[in-house]
Every structure is written in C-alpha cells, then in structure tokens.
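Worksheet: the structure to be examined is printed underneath.
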Amino acid sequence: MMMGGVGVMTSREREAVVVCTGENMNAGISILEMETGEELMRIPTCASPPHGLVCLREQYLVASQIQKHHRSYAGGAIFIWALNKSQVLHRSYPIEPIGPISCTKNGFYLIGGAPSGNIYLWEVSSGRLLKIWAAHHASLSCLTFSSDDSLLISGSDDGVVFVWSMICLLDMADSQSTGSSTSIHSWSDHDTSITDLVSTSGGSSPMLISSSRDGTCKVRNLVSGSLLLNFTFSSPITAIALDPGEQMLYSGCMDGRICISELDIGLEDNPTVFSEDQMTVLRGHKGSIAALSISMSGLYLVSASNDCTACVWDVASSKVIRNFIYKKGPITNIVVIPLSLLSLKEGYRSLSRLRVSLLDKGPHPSNAFEGSISLLQTYCTLEDKEVSVARFRSTDSLNEQILDLEVLSGSLSHANSDVHQELGTFIMQRRTPEAVQMRVETMVEQRLWAAAMTKQLTTMNKHLQSRLLDLAQGRLLDDSNSTTRKRKFTDPTEHIK
C-alpha cells in the first residue's frame, strides 16, 4: 500500500478503513489506519463483489465470495471473521452464488441476494435459513435496510426496486420458508441497473435514495412511495453515500467524479429535478467510482475507484487529505470502523459477543420452525437522536443469549486470569437478576413493539384513506362533468329551447 497526503487529519476518534477487491482471492481484506494508510491487519483469501462486505454489529466481518475465483465449491460462499482475528471463523456455502449482502443493525439477521433474483434470509445466531423467495426477475445488485430495520429494500440489474416488510418476512406462522412474498412498494422508473441504495431516518417520513447506471438518483418517501427528488447526471452513477446529518448526498460517477448535492425536499406532489450543473464536483480519480463511505464523525469521505486508488476527502474543504494506491487490485468495498474495535480485550468483548453460527445451505422442512416465535421489533430510544432503533429477535435466539449468560457466569468464576476472575465475580453476583431481567424485557419489548406498530399502521392508514378520498372525489367530478356534457347533446328539451 502506497500512501500520499496533502494535509493533516484530525478526528474525535481514530478510524480504520476496511477494503477488499473482487478480482484476486489472494488479495484478501486489508484493514488500514485512516490517518496513515498503515495496514493494521490482513485477512487472506477473499474476493467480494460490490456490496458484498458488511460489518456485523461492530464485531464481525462478513463477505460473500465471487464464485469464479474459488473452485472448491459449486454454489455460493459467505465467510465470517471476528474483527480482531485474521483466521476465518465460519465458511458457509449456500446452494447458489450470493452477491450483495446486508445485515440488521443489531446483527440478528443477514440477507443475501443471488444472480437468480432470489433473496436469502438467515438468523445469524443459529445459522438457520429462515426464508428464500423469488424477489426479482434479474440478478440482485443491492440490498439495504431502513433506518429502523423494519423494511428491507432490494435493487436489481433490470432497474427495479422493491420494498419488503420484515414483519411479513419473519412471520413464519403464515408463510413457508420458500416461495414468494408480496412487496410494499415497487418502482421500475430506473432504465437500467441499480447501483446503490441508501435509506434515511427522516423523522416521521423515512426516505430511500436509489442510484442507477441510467445517470439518475431518485429520492422517495418510504411510507407513501412518492418521488421527492430526481438528480440527473451526464455519467452513470456507480455509488452513493449520505452524510450523518442526512443533508448532503455524494454521488460517484463512472467517469471518476464525485458530485455533491443538497437534499432539499420540496412538496411530494411536485418532485424537484436537479442537474449536475447545480452541484459541487470532486475530482481525484481517473477510473469509475467503485465505493463511497462517510466517516462516523461525518468529517471525512472515503472513495475508491477502479483505478486501484482510494482517497480520503475533508468534507468541509472538499479537498483530498490522503490518497492510497492499492496494488492488490481495484477496490470493490469500503467499510469504516472505529479503530478501537481492533484492540478490545477478548475477555471484555466476550460479554457482549454476538453468537454467530454456520449458515444453512438450504431451507429447513416446513415444520422446522415449530416452537419458535418471532419477536419482531424491540425499540430503544436514543438520547442523542430523536429516533427509535428497531431490533428483531426470536424466542430461540433470546433464550440462547440467556443461557449463554448463565453458562458464562459459571465458566468465568473458575477462570485463572485476573481479567476473567474480575468478570466472573461481577457476573456471578448479578447472574440471576440479569437473566430474570432479560426474560422480563422480552414481554416489555413486545408491548412496545405493538404500540409502535399500531402508530405506524395508523399513519399509513390515514395516508391511504386520504389518497382514496382524493381519487373518489376526482372520479365523482369526472362523472358529473361527463353527465352534464351528455345531457347537453342528447336531451331533446335542450334542442327545443
């Protein structure tokens, strides 16, 4: 890795950049310090397609593998690593190749999209394949979740975008593990392949931003489905990113430019169209932009290109402050993580470690989910943000966590190291209250979820009623005008008069 810089980087918390290529399995994954470009850790054997690398709950890296570079399997492959270890933890082999992947923020569920148009839904803790459904008629290109994890959004090579309800997908009592599902929204106004999807919280009106090789980025209301903004470009858009404040949109172009535009939302009935003439343009790459990512502080933008370079931009000045030459091949994925995650002590990390298992290759029999009840959303209000973060979990996975807590209490109490003795004593003193509290919280969370969903459904119902009334009034007005015109030309008394 060669590095160059033209400025001094300062940040509230040091961050690392996780990069991988999609051309060479031997290149693997590199974790680089953002400030210096120093390679902190290298994970061998990985070649991941675009949108094929995610950080699972800030504890694991998960990457789908490009099939043509690995001859040891006939279907697909998904590898999982602990963040601070280079040795692979799990190698899973689905029945078909998997391209884009995504995960819920709490790390409970993993989604994968296949070239056949199928989408796979796994429960991470057990590895169970909960559902497969034929989502698209073309190859999946992008997957993401809404800001509260209640919706799954998928895009494909034919320019179609679907929105799916996670509640419906996880409702195993009313649906089979394989088959089809009904989407909440579907849009086909992109002319060609979807290249990226980004969701926003948007307060009471969450939004979705989609980019395409047709040279457009479209901003939609996720509740009503209406088009709010339409950005047009002279070059195909290959990647997008949104700042933490959800005010600025960064659009990477095939010609190497990065266009910056403001999300100025107008009236839903009058979507605004913006051209690139109204945007700030960043120039630092010679090849197509492959990936974009914003630092957690929002101070820096990280871009990667097919010309084997990566740049770190200062958002305030729109200038490059670091550039890297990645000799292992064109970068396909970028993930920004806190640098501290690589140095956490294993003893303390194990307390909150998410259980991950080998992912099922295929679906279970139809009765495989008997005895498992889906506890869908559980909300936790954040003090620093006026939003609610939704989480999904099942009774099986939650009971496993409670059992892990009790087993961990006993095992740590016999540990010899000072760290483990301290942790063991701490947990042994609180084992029963913690376990009981965990079980009580499941009941409280169900009530919170029910109240939140009732509010959401009420809002959607009011919106639909308003639209239906508008349509009904319009139809009555058209019928009235039609009747008036008919009487004017056909009523004999009109001719006599």
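Within each chain, counting starts at residue 1; across the structure tokens, chains are named A, B, ... in the order shown, with ligands numbered 1 upward in that order.
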
Item to complete: Would you please extract all strand (DSSP E) residues from stretch 223-276 of chain A, as assigned by DSSP on the backbone, and give them as an NGL selection string?
Response: :A and (227-232 or 237-242 or 248-253 or 257-262 or 272-275)

Practice prompt. Skip stretch 278-289 of chain A itself and residues of its chain fewer than 4 positions away, then list as an NGL selection string all residues within 7 Å of it, counting only C-alpha atoms.
Written response: :A and (238-239 or 252-261 or 274 or 304-307 or 318)

Fill in: Contact residues around A:Val198 with only C-alpha atoms at 9 Å, ignoring same-chain residues under 5 positions, as JSON, numbers by chain
{"A": [144, 145, 146, 207, 208, 209, 210, 211, 240, 241, 242]}

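Here atom CA of A:Pro330 and atom CA of A:Asn24 stand 9.4 Å from one another.
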